[in-house]
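Enquirer: work.tsv (TSV, C-alpha atoms) pasted underneath:
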chain	number	residue	atom	x	y	z
A	63	MET	CA	0.00	0.00	0.00
A	64	VAL	CA	1.37	3.49	-0.98
A	65	LEU	CA	0.94	6.41	1.39
A	66	LEU	CA	-0.29	9.33	-0.74
A	67	SER	CA	-0.92	11.97	1.89
A	68	VAL	CA	2.69	13.21	2.06
A	69	PRO	CA	3.11	13.79	-1.66
A	70	LEU	CA	-0.32	15.50	-1.74
A	71	TRP	CA	0.87	18.06	0.83
A	72	LEU	CA	3.48	19.23	-1.73
A	73	ARG	CA	1.64	21.69	-3.95
A	74	SER	CA	3.21	22.38	-7.29
A	75	ARG	CA	3.65	26.12	-7.50
A	76	LEU	CA	4.54	28.32	-10.43
A	77	THR	CA	8.29	28.98	-10.44
A	78	ASP	CA	8.88	30.81	-13.71
A	79	ARG	CA	6.30	33.58	-13.40
A	80	PHE	CA	9.09	36.16	-13.78
A	81	TRP	CA	10.06	34.92	-17.22
A	82	ARG	CA	6.47	34.65	-18.40
A	83	VAL	CA	5.90	38.29	-17.42
A	84	GLN	CA	9.17	39.38	-18.99
A	85	GLU	CA	8.14	37.80	-22.31
A	86	VAL	CA	5.37	40.36	-22.54
A	87	LEU	CA	7.09	43.31	-20.90
A	88	LYS	CA	10.10	43.14	-23.21
A	89	TYR	CA	7.84	44.32	-26.04
A	90	ALA	CA	6.45	47.15	-23.94
A	91	ARG	CA	9.68	48.74	-22.71
A	92	HIS	CA	9.52	51.68	-25.16
A	93	PHE	CA	5.93	52.60	-24.27
A	94	ARG	CA	4.94	55.73	-22.46
A	95	GLY	CA	3.57	55.74	-18.92
A	96	ARG	CA	2.74	52.86	-16.63
A	97	LYS	CA	2.09	50.49	-19.49
A	98	ASN	CA	5.84	49.93	-19.86
A	99	ARG	CA	6.06	48.56	-16.30
A	100	CYS	CA	2.76	47.12	-15.14
A	101	TYR	CA	1.90	43.74	-16.56
A	102	LYS	CA	-1.88	44.16	-16.58
A	103	LEU	CA	-1.70	47.35	-18.64
A	104	ALA	CA	1.18	46.11	-20.75
A	105	VAL	CA	-0.62	42.96	-21.87
A	106	ARG	CA	-3.44	44.96	-23.42
A	107	ASN	CA	-1.17	47.45	-25.08
A	108	VAL	CA	1.30	44.91	-26.41
A	109	ARG	CA	-1.56	43.08	-28.06
A	110	ARG	CA	-2.76	46.36	-29.63
A	111	ALA	CA	0.76	47.08	-30.80
A	112	PHE	CA	1.00	43.71	-32.54
A	113	VAL	CA	-2.39	44.20	-34.19
A	114	LYS	CA	-1.36	47.64	-35.41
A	115	SER	CA	1.92	46.32	-36.76
A	116	THR	CA	0.08	43.60	-38.69
A	117	GLN	CA	-2.24	46.17	-40.27
A	118	ALA	CA	0.65	48.52	-40.90
A	119	ARG	CA	2.40	45.96	-43.08
A	120	ARG	CA	-0.38	46.49	-45.65
A	121	GLN	CA	-0.56	50.24	-45.11
A	122	LYS	CA	3.19	50.62	-45.54
A	123	LYS	CA	2.90	49.48	-49.14
A	124	ARG	CA	0.23	52.11	-49.81
A	125	PHE	CA	2.15	54.84	-48.01
A	126	LEU	CA	5.42	54.13	-49.79
A	127	ARG	CA	3.73	54.08	-53.18
A	128	ALA	CA	2.14	57.46	-52.49
A	129	LEU	CA	5.56	58.80	-51.45
A	130	TRP	CA	7.18	57.54	-54.65
A	131	ILE	CA	4.42	59.15	-56.70
A	132	THR	CA	4.91	62.49	-54.92
A	133	ARG	CA	8.63	62.34	-55.59
A	134	ILE	CA	8.21	61.42	-59.24
A	135	GLU	CA	5.69	64.22	-59.65
A	136	ALA	CA	8.13	66.73	-58.20
A	137	ALA	CA	10.96	65.53	-60.41
A	138	SER	CA	8.89	65.40	-63.61
A	139	LEU	CA	7.51	68.90	-62.99
A	140	GLU	CA	11.10	70.10	-62.81
A	141	HIS	CA	11.36	68.86	-66.39
A	142	GLY	CA	8.04	70.38	-67.46
A	143	LEU	CA	5.87	67.23	-67.44
A	144	LYS	CA	2.98	66.30	-65.24
A	145	TYR	CA	3.07	62.97	-63.42
A	146	SER	CA	0.12	61.52	-65.35
A	147	ALA	CA	1.64	62.39	-68.73
A	148	PHE	CA	5.04	61.07	-67.65
A	149	ILE	CA	3.80	57.71	-66.38
A	150	SER	CA	1.32	57.06	-69.16
A	151	ASN	CA	3.80	57.86	-71.91
A	152	LEU	CA	6.54	55.84	-70.24
A	153	PHE	CA	4.12	52.91	-70.15
A	154	LYS	CA	3.31	53.36	-73.80
A	155	THR	CA	7.01	53.20	-74.72
A	156	GLN	CA	7.19	49.84	-72.93
A	157	VAL	CA	9.58	51.11	-70.27
A	158	GLU	CA	8.53	48.83	-67.41
A	159	LEU	CA	10.14	50.63	-64.50
A	160	ASN	CA	8.11	50.64	-61.31
A	161	ARG	CA	7.57	53.77	-59.29
A	162	LYS	CA	10.14	52.79	-56.68
A	163	MET	CA	12.94	52.61	-59.22
A	164	ILE	CA	11.88	55.80	-60.99
A	165	ALA	CA	11.81	57.65	-57.66
A	166	ASP	CA	15.28	56.36	-56.80
A	167	LEU	CA	16.56	57.35	-60.22
A	168	ALA	CA	15.08	60.81	-59.79
A	169	ILE	CA	17.06	61.28	-56.59
A	170	TYR	CA	20.36	59.56	-57.37
A	171	GLU	CA	20.57	59.59	-61.18
A	172	PRO	CA	19.17	62.95	-62.31
A	173	LYS	CA	20.48	62.75	-65.84
A	174	THR	CA	18.90	59.35	-66.40
A	175	PHE	CA	15.62	60.76	-65.15
A	176	LYS	CA	15.99	63.70	-67.52
A	177	SER	CA	16.35	61.33	-70.45
A	178	LEU	CA	13.28	59.37	-69.28
A	179	ALA	CA	11.33	62.63	-69.15
A	180	ALA	CA	12.52	63.53	-72.65
A	181	LEU	CA	11.44	60.08	-73.88
A	182	ALA	CA	8.00	60.50	-72.36
A	183	GLN	CA	7.68	63.97	-73.87
A	184	ARG	CA	8.64	62.70	-77.31
A	185	ARG	CA	6.14	59.83	-77.10
A	186	ARG	CA	3.51	62.34	-76.01
A	187	GLN	CA	4.13	64.50	-79.06
A	188	GLU	CA	3.94	61.45	-81.31
A	189	GLY	CA	0.64	60.54	-79.68
A	190	PHE	CA	-0.73	64.00	-80.42
A	191	LEU	CA	0.43	63.80	-84.02
A	192	ALA	CA	-1.16	60.41	-84.46
A	193	ALA	CA	-4.45	61.64	-83.00
A	194	LEU	CA	-4.61	65.06	-84.62
A	195	GLY	CA	-2.46	64.66	-87.71
A	196	ASP	CA	-3.67	63.75	-91.21
A	197	GLY	CA	-2.22	60.27	-91.17
A	198	LYS	CA	0.05	61.21	-94.07
A	199	GLU	CA	3.08	61.69	-91.78
A	200	PRO	CA	5.01	58.54	-90.92
A	201	GLU	CA	4.24	56.90	-87.57
A	202	GLY	CA	6.43	57.89	-84.67
A	203	ILE	CA	9.59	55.95	-83.94
A	204	PHE	CA	9.02	55.75	-80.19
A	205	SER	CA	5.41	54.61	-80.67
A	206	ARG	CA	6.49	51.25	-82.04
A	207	ILE	CA	5.64	48.33	-79.81
A	208	VAL	CA	7.99	45.37	-79.48
A	209	HIS	CA	6.29	42.01	-79.00
A	210	HIS	CA	8.33	39.62	-76.88
A	211	TYR	CA	6.27	36.57	-77.71
B	280	MET	CA	23.03	51.62	-60.92
B	281	ALA	CA	21.41	53.54	-58.05
B	282	SER	CA	23.12	52.85	-54.75
B	283	TYR	CA	22.76	54.67	-51.48
B	284	THR	CA	26.40	54.23	-50.58
B	285	LYS	CA	27.97	54.95	-53.94
B	286	ALA	CA	25.92	58.05	-54.77
B	287	ALA	CA	27.98	61.19	-55.12
B	288	GLN	CA	27.90	63.51	-52.14
B	289	GLN	CA	25.68	66.49	-52.94
B	290	TRP	CA	26.20	68.71	-49.98
B	291	ALA	CA	23.53	71.29	-50.81
B	292	THR	CA	20.69	68.78	-51.23
B	293	PHE	CA	18.99	69.60	-47.94
B	294	ALA	CA	19.77	73.31	-47.99
B	295	ARG	CA	16.88	75.69	-47.51
B	296	ALA	CA	16.41	78.05	-50.46
B	297	TRP	CA	14.71	81.46	-50.54
B	298	TYR	CA	12.20	82.09	-53.32
B	299	LEU	CA	10.61	85.36	-54.42
B	300	LEU	CA	7.04	85.63	-55.69
B	301	ASP	CA	5.39	88.74	-57.10
B	302	ALA	CA	1.69	88.78	-56.22
B	303	LYS	CA	0.79	91.78	-58.41
B	304	MET	CA	-2.53	91.18	-60.20
B	305	GLN	CA	-2.57	87.53	-59.09
B	306	PRO	CA	-5.44	85.64	-57.43
B	307	PRO	CA	-4.47	84.89	-53.81
B	308	GLY	CA	-5.65	81.27	-54.09
B	309	LYS	CA	-3.20	80.44	-56.87
B	310	ILE	CA	-0.43	82.33	-55.08
B	311	ALA	CA	-1.12	80.27	-51.98
B	312	ALA	CA	-1.16	76.98	-53.90
B	313	VAL	CA	2.29	77.66	-55.32
B	314	THR	CA	3.71	78.86	-51.98
B	315	VAL	CA	2.32	75.92	-50.03
B	316	ARG	CA	3.99	73.55	-52.45
B	317	ARG	CA	7.35	75.23	-51.89
B	318	LEU	CA	6.94	75.58	-48.14
B	319	GLU	CA	6.19	71.88	-47.72
B	320	GLY	CA	9.04	70.85	-49.99
B	321	ARG	CA	6.87	68.93	-52.43
B	322	HIS	CA	8.75	70.44	-55.36
B	323	LYS	CA	11.82	68.38	-54.46
B	324	PRO	CA	12.36	64.71	-55.37
B	325	ILE	CA	13.75	64.16	-51.84
B	326	TYR	CA	10.41	65.09	-50.26
B	327	HIS	CA	9.26	63.32	-47.10
B	328	ALA	CA	6.85	64.62	-44.48
B	329	LEU	CA	9.47	64.17	-41.74
B	330	ASN	CA	12.37	65.50	-43.79
B	331	ASP	CA	11.80	69.21	-43.09
B	332	CYS	CA	12.89	70.01	-46.64
B	333	GLY	CA	10.72	73.09	-47.19
B	334	ASP	CA	12.00	76.41	-48.43
B	335	HIS	CA	11.41	80.04	-47.56
B	336	VAL	CA	9.03	82.06	-49.73
B	337	VAL	CA	8.99	85.86	-49.87
B	338	ILE	CA	5.79	87.33	-51.37
B	339	ILE	CA	5.86	90.98	-52.45
B	340	ASN	CA	3.09	93.31	-53.63
B	341	THR	CA	0.41	91.60	-51.55
B	342	ARG	CA	-1.45	94.92	-51.56
B	343	HIS	CA	-2.05	94.44	-55.31
B	344	ILE	CA	-3.60	90.98	-55.36
B	345	ALA	CA	-6.64	90.55	-57.58
B	346	PHE	CA	-9.69	88.51	-56.63
B	347	SER	CA	-11.80	87.32	-59.57
B	348	GLY	CA	-15.53	87.95	-59.73
B	349	ASN	CA	-17.22	89.94	-56.97
B	350	LYS	CA	-15.17	88.41	-54.17
B	351	TRP	CA	-13.93	91.76	-52.92
B	352	GLU	CA	-17.51	92.50	-51.83
B	353	GLN	CA	-18.85	88.99	-51.31
B	354	LYS	CA	-16.05	87.04	-49.62
B	355	VAL	CA	-16.43	87.12	-45.85
B	356	TYR	CA	-13.72	86.46	-43.30
B	357	SER	CA	-15.20	85.43	-39.95
B	358	SER	CA	-13.62	85.24	-36.53
B	359	HIS	CA	-14.74	85.09	-32.90
B	360	THR	CA	-13.01	86.85	-30.05
B	361	GLY	CA	-14.12	84.19	-27.55
B	362	TYR	CA	-16.31	86.61	-25.62
B	363	PRO	CA	-20.12	86.54	-25.99
B	364	GLY	CA	-21.29	88.70	-28.85
B	365	GLY	CA	-17.80	88.68	-30.27
B	366	PHE	CA	-18.57	87.13	-33.65
B	367	LYS	CA	-16.97	89.39	-36.25
B	368	GLN	CA	-17.54	89.18	-39.99
B	369	VAL	CA	-15.48	91.31	-42.32
B	370	THR	CA	-15.57	91.55	-46.10
B	371	ALA	CA	-12.38	91.00	-48.06
B	372	THR	CA	-12.17	94.71	-48.90
B	373	GLN	CA	-12.35	95.79	-45.27
B	374	LEU	CA	-9.78	93.21	-44.19
B	375	HIS	CA	-7.45	94.21	-47.02
B	376	LEU	CA	-7.67	97.87	-46.07
B	377	LYS	CA	-7.00	97.05	-42.43
B	378	ASP	CA	-4.03	94.76	-43.16
B	379	PRO	CA	-2.79	94.28	-46.76
B	380	THR	CA	-0.96	91.02	-45.99
B	381	ALA	CA	-3.81	89.34	-44.08
B	382	ILE	CA	-5.64	87.81	-47.04
B	383	VAL	CA	-2.59	86.02	-48.44
B	384	LYS	CA	-1.52	84.97	-44.94
B	385	LEU	CA	-4.92	83.44	-44.16
B	386	THR	CA	-5.12	81.72	-47.54
B	387	VAL	CA	-1.70	80.12	-47.11
B	388	TYR	CA	-2.42	79.16	-43.49
B	389	ARG	CA	-5.64	77.41	-44.48
B	390	MET	CA	-4.02	75.59	-47.41
B	391	LEU	CA	-1.15	74.17	-45.37
B	392	PRO	CA	-1.63	70.63	-43.95
B	393	LYS	CA	-3.41	70.79	-40.60
B	394	ASN	CA	-0.62	69.40	-38.44
B	395	LEU	CA	1.95	70.66	-35.99
B	396	LEU	CA	4.32	71.65	-38.79
B	397	ARG	CA	1.91	74.33	-39.99
B	398	ARG	CA	3.13	77.02	-37.59
B	399	THR	CA	6.77	76.31	-38.42
B	400	LEU	CA	6.07	76.60	-42.14
B	401	MET	CA	4.17	79.85	-41.60
B	402	GLN	CA	7.31	81.25	-39.98
B	403	ARG	CA	9.15	80.54	-43.23
B	404	LEU	CA	6.65	82.64	-45.17
B	405	HIS	CA	7.51	86.35	-45.51
B	406	LEU	CA	4.86	88.78	-46.74
B	407	PHE	CA	5.39	92.35	-47.83
B	408	PRO	CA	2.64	94.68	-49.03
B	409	GLU	CA	4.86	96.56	-51.49
B	410	ASP	CA	8.11	96.10	-53.40
B	411	VAL	CA	10.21	97.08	-50.41
B	412	ILE	CA	12.10	94.16	-48.85
B	413	PRO	CA	14.56	94.37	-45.96
B	414	GLU	CA	18.20	94.03	-47.01
B	415	ASP	CA	18.97	90.84	-45.14
B	416	ILE	CA	16.07	89.02	-46.81
B	417	GLU	CA	16.97	90.43	-50.19
B	418	LYS	CA	20.49	89.06	-49.85
B	419	ASN	CA	19.14	85.55	-49.27
B	420	LEU	CA	16.90	85.38	-52.34
B	421	LEU	CA	17.84	82.70	-54.82
B	422	GLN	CA	15.21	82.50	-57.55
B	423	GLU	CA	11.91	84.00	-58.59
B	424	ILE	CA	8.90	81.73	-58.95
B	425	PRO	CA	6.96	82.43	-62.19
B	426	GLN	CA	3.58	84.04	-61.64
B	427	PRO	CA	0.66	81.55	-61.75
B	428	ARG	CA	-1.63	83.85	-63.74
B	429	VAL	CA	-0.74	85.49	-67.06
B	430	VAL	CA	-1.70	89.14	-66.55
B	431	PRO	CA	-3.71	90.40	-69.56
B	432	ARG	CA	-2.84	93.77	-71.04
B	433	ARG	CA	-5.25	96.64	-70.59
B	434	LEU	CA	-6.66	98.43	-73.63
B	435	ASP	CA	-4.56	101.52	-72.95
B	436	GLU	CA	-1.38	99.36	-72.89
B	437	TYR	CA	-1.89	98.46	-76.54
B	438	THR	CA	-0.31	100.79	-79.11
B	439	PRO	CA	-2.68	102.40	-81.69
B	440	GLU	CA	-0.94	100.41	-84.45
B	441	GLU	CA	-1.78	97.10	-82.72
B	442	ILE	CA	-5.40	98.19	-82.25
B	443	ALA	CA	-5.66	99.11	-85.93
B	444	ALA	CA	-4.01	95.83	-86.96
B	445	PHE	CA	-6.49	93.74	-84.91
B	446	PRO	CA	-9.16	92.15	-87.21
B	447	ARG	CA	-12.60	93.73	-86.97
B	448	VAL	CA	-15.41	91.29	-86.21
B	449	TRP	CA	-18.24	93.58	-87.35
B	450	THR	CA	-18.63	97.17	-88.47
B	451	PRO	CA	-21.23	99.37	-86.78
B	452	SER	CA	-23.94	100.61	-89.11
B	453	LYS	CA	-26.31	103.57	-88.72
B	454	TYR	CA	-29.18	101.23	-87.64
B	455	CYS	CA	-27.06	99.59	-84.90
B	456	PRO	CA	-24.51	102.23	-83.91
B	457	SER	CA	-23.14	100.50	-80.77
B	458	SER	CA	-23.90	97.64	-78.40
B	459	LEU	CA	-24.65	99.97	-75.46
B	460	ASN	CA	-28.43	99.83	-75.88
B	461	VAL	CA	-28.57	96.04	-76.10
B	462	ARG	CA	-29.62	94.20	-72.97
B	463	LEU	CA	-27.11	91.56	-71.90
B	464	ASN	CA	-28.05	88.63	-69.73
B	465	LYS	CA	-25.90	87.22	-66.91
B	466	GLN	CA	-23.48	85.41	-69.22
B	467	GLY	CA	-22.86	88.60	-71.16
B	468	TRP	CA	-24.35	87.78	-74.56
B	469	ARG	CA	-27.34	89.41	-76.18
B	470	ALA	CA	-30.58	87.73	-75.19
B	471	TRP	CA	-33.28	88.28	-77.74
B	472	MET	CA	-36.00	86.77	-75.62
B	473	ILE	CA	-35.36	88.96	-72.58
Would you mind giving the structure from this file in structure tokens?
Expert:
Amino acid sequence: MVLLSVPLWLRSRLTDRFWRVQEVLKYARHFRGRKNRCYKLAVRNVRRAFVKSTQARRQKKRFLRALWITRIEAASLEHGLKYSAFISNLFKTQVELNRKMIADLAIYEPKTFKSLAALAQRRRQEGFLAALGDGKEPEGIFSRIVHHY
Amino acid sequence: MASYTKAAQQWATFARAWYLLDAKMQPPGKIAAVTVRRLEGRHKPIYHALNDCGDHVVIINTRHIAFSGNKWEQKVYSSHTGYPGGFKQVTATQLHLKDPTAIVKLTVYRMLPKNLLRRTLMQRLHLFPEDVIPEDIEKNLLQEIPQPRVVPRRLDEYTPEEIAAFPRVWTPSKYCPSSLNVRLNKQGWRAWMI
């Protein structure tokens, strides 16, 4: 027969509460106020912070794209073109640069951007001639489309 | 190939420039649109909201701005002193007579983004009612911004030769000597049915 009363008097108590609390508080250390120290407040706010960071991963893409567009607009207006004309004519000449690269070029490679703006302007003029002209003039050189298939 | 480390050092990239804008015979809204763009720094490819890359703008001749339509009589600027019965409404003419820079200042203030940077950007705006600019500001000026509105010439600014050379649309006859007796409707053309 096994005597079970002695082992039953030994309650198993939580020994690593400190580390469980630290797991949460380590993400709250840069918060403002008591929520960077007190576990009860920190738990709620750390969860909110994680939720916001998940949503922000989608919003960051939108925000960065808007920033690139603002920068490209500024740079193309320096060369006398509006953003809409620049992008649409660049697309029509089959230059498949995304807005991130064009914005980086506008900052770090100004002469390359100037040539892109000139290309877009030339394609724009050819588009006007094709729409308004008689059709007797030859088609524009930069309006030719290359098929890669 | 664009690289952040290998790009050439352009030391004056983040320098703050001083621009001059002549507001003579210009609508204050268009003036404000151009200034706000420069104050924010949106005319630079390095723009970012946190970058603080805006420039200074000096606007001269604010006394000679030109509202279109009947706005001088119809546009109302309202304010409240905070005390009961302190609601004040002033027409654009009255405000302009009281303070010739107020209209442009208010227009720019209301067009700036409504954040904490607004007051800082307003401090970079310098308004002068006439041509006279203090010497230290004049020394800083870099470039003049082109005027947003093309000012049309008045009839007396045309030479008699140009007036004679302009093609005549119709010649007045003895039965219809001038258009003064013809009733014009709101759009300004003759309305036979009125």
Enquirer: Could you give me, as a Markdown table, every chain B residue with an atom at most 6 Å from chain A, plus its closest atom pair and distance in Å to one decimal, counting all atoms listed in the file, rows ordered by chain then number?
Expert:
| residue | atom | partner | partner_atom | distance |
| --- | --- | --- | --- | --- |
| B:His322 | CA | A:Ala136 | CA | 4.7 |
| B:Lys323 | CA | A:Ala136 | CA | 5.5 |
| B:Pro324 | CA | A:Arg133 | CA | 4.4 |
Enquirer: Could you pull the residues within 9 Å of range 364-370 of chain B, counting all atoms listed in the file, minus those fewer than 2 positions along the same chain, as number ranges by chain?
Expert: B: 350-362, 372-375
Enquirer: Write out as a list in words which residues come within 10 Å of Leu152 in chain A when counting only C-alpha atoms, dropping same-chain ones fewer than 4 positions away.
Expert: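 Listed by chain and then number, they are Ser146, Ala147, Phe148, Gln156, Val157, Glu158, Leu159, Leu178, Ala179, Leu181, Ala182, Gln183, Arg185 and Arg186 of chain A.
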Enquirer: For Lys377 in chain B, which residue among B:Gln422, B:Arg342, B:Val429, B:Arg389 is the nearest when counting only C-alpha atoms?
Expert: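 Using only C-alpha atoms, Lys377 in chain B sits closest to B:Arg342.
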Enquirer: CA of Arg120 in chain A and CA of Leu329 in chain B are how many Å apart?
Expert: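 Separation between CA of Arg120 in chain A and CA of Leu329 in chain B: 20.6 Å.
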Enquirer: Have a look at B:Lys453, B:Arg295, B:Lys309, B:Lys303 and name the one nearest to Asn330 in chain B; count all atoms listed in the file.
Expert: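 Under the stated criterion, the closest residue is B:Arg295.
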Enquirer: Report as a list of chain:residue names all protein, DNA and RNA residues lying within 7 Å of Ile338 in chain B, evaluated on all atoms listed in the file, omitting residues in the same chain fewer than 3 positions from it.
Expert: B:Leu299, B:Leu300, B:Asp301, B:Ala302, B:Thr341, B:His405, B:Leu406, B:Phe407
Enquirer: In Å, rounded to a single decimal, give me how far CA of Thr380 in chain B is from CA of Ser347 in chain B.
Expert: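 Computed distance, CA of Ser347 in chain B to CA of Thr380 in chain B, equals 17.8 Å.
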Enquirer: Taking the block just given, write range 329-350 of chain B to a file that holds N, CA and C atoms, as a tab-separated table (two decimals), in the first residue's frame.
Expert:
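Resulting contents of decode23.tsv:
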chain	number	residue	atom	x	y	z
B	329	LEU	N	8.63	63.98	-42.93
B	329	LEU	CA	9.47	64.17	-41.74
B	329	LEU	C	10.81	64.80	-42.06
B	330	ASN	N	11.04	65.06	-43.36
B	330	ASN	CA	12.37	65.50	-43.79
B	330	ASN	C	12.67	66.94	-43.46
B	331	ASP	N	11.63	67.77	-43.28
B	331	ASP	CA	11.80	69.21	-43.09
B	331	ASP	C	12.61	69.81	-44.23
B	332	CYS	N	12.14	69.56	-45.46
B	332	CYS	CA	12.89	70.01	-46.64
B	332	CYS	C	12.21	71.19	-47.30
B	333	GLY	N	11.38	71.94	-46.58
B	333	GLY	CA	10.72	73.09	-47.19
B	333	GLY	C	11.64	74.27	-47.34
B	334	ASP	N	11.21	75.21	-48.16
B	334	ASP	CA	12.00	76.41	-48.43
B	334	ASP	C	11.28	77.64	-47.92
B	335	HIS	N	12.02	78.76	-47.90
B	335	HIS	CA	11.41	80.04	-47.56
B	335	HIS	C	10.79	80.66	-48.80
B	336	VAL	N	9.66	81.36	-48.61
B	336	VAL	CA	9.03	82.06	-49.73
B	336	VAL	C	8.77	83.49	-49.30
B	337	VAL	N	9.22	84.44	-50.13
B	337	VAL	CA	8.99	85.86	-49.87
B	337	VAL	C	7.98	86.35	-50.89
B	338	ILE	N	6.83	86.86	-50.44
B	338	ILE	CA	5.79	87.33	-51.37
B	338	ILE	C	5.76	88.84	-51.28
B	339	ILE	N	5.91	89.50	-52.43
B	339	ILE	CA	5.86	90.98	-52.45
B	339	ILE	C	4.60	91.43	-53.17
B	340	ASN	N	4.27	92.71	-52.99
B	340	ASN	CA	3.09	93.31	-53.63
B	340	ASN	C	1.79	92.62	-53.23
B	341	THR	N	1.67	92.23	-51.96
B	341	THR	CA	0.41	91.60	-51.55
B	341	THR	C	-0.73	92.62	-51.52
B	342	ARG	N	-0.39	93.90	-51.54
B	342	ARG	CA	-1.45	94.92	-51.56
B	342	ARG	C	-2.18	94.89	-52.90
B	343	HIS	N	-1.50	94.36	-53.96
B	343	HIS	CA	-2.05	94.44	-55.31
B	343	HIS	C	-2.58	93.12	-55.81
B	344	ILE	N	-3.01	92.24	-54.89
B	344	ILE	CA	-3.60	90.98	-55.36
B	344	ILE	C	-4.95	91.26	-55.98
B	345	ALA	N	-5.41	90.34	-56.83
B	345	ALA	CA	-6.64	90.55	-57.58
B	345	ALA	C	-7.55	89.35	-57.40
B	346	PHE	N	-8.66	89.55	-56.69
B	346	PHE	CA	-9.69	88.51	-56.63
B	346	PHE	C	-10.48	88.53	-57.92
B	347	SER	N	-10.93	87.35	-58.39
B	347	SER	CA	-11.80	87.32	-59.57
B	347	SER	C	-13.24	87.47	-59.12
B	348	GLY	N	-14.12	87.83	-60.03
B	348	GLY	CA	-15.53	87.95	-59.73
B	348	GLY	C	-15.79	89.07	-58.74
B	349	ASN	N	-16.83	88.90	-57.92
B	349	ASN	CA	-17.22	89.94	-56.97
B	349	ASN	C	-16.71	89.62	-55.58
B	350	LYS	N	-15.61	88.89	-55.49
B	350	LYS	CA	-15.17	88.41	-54.17
B	350	LYS	C	-14.76	89.54	-53.25
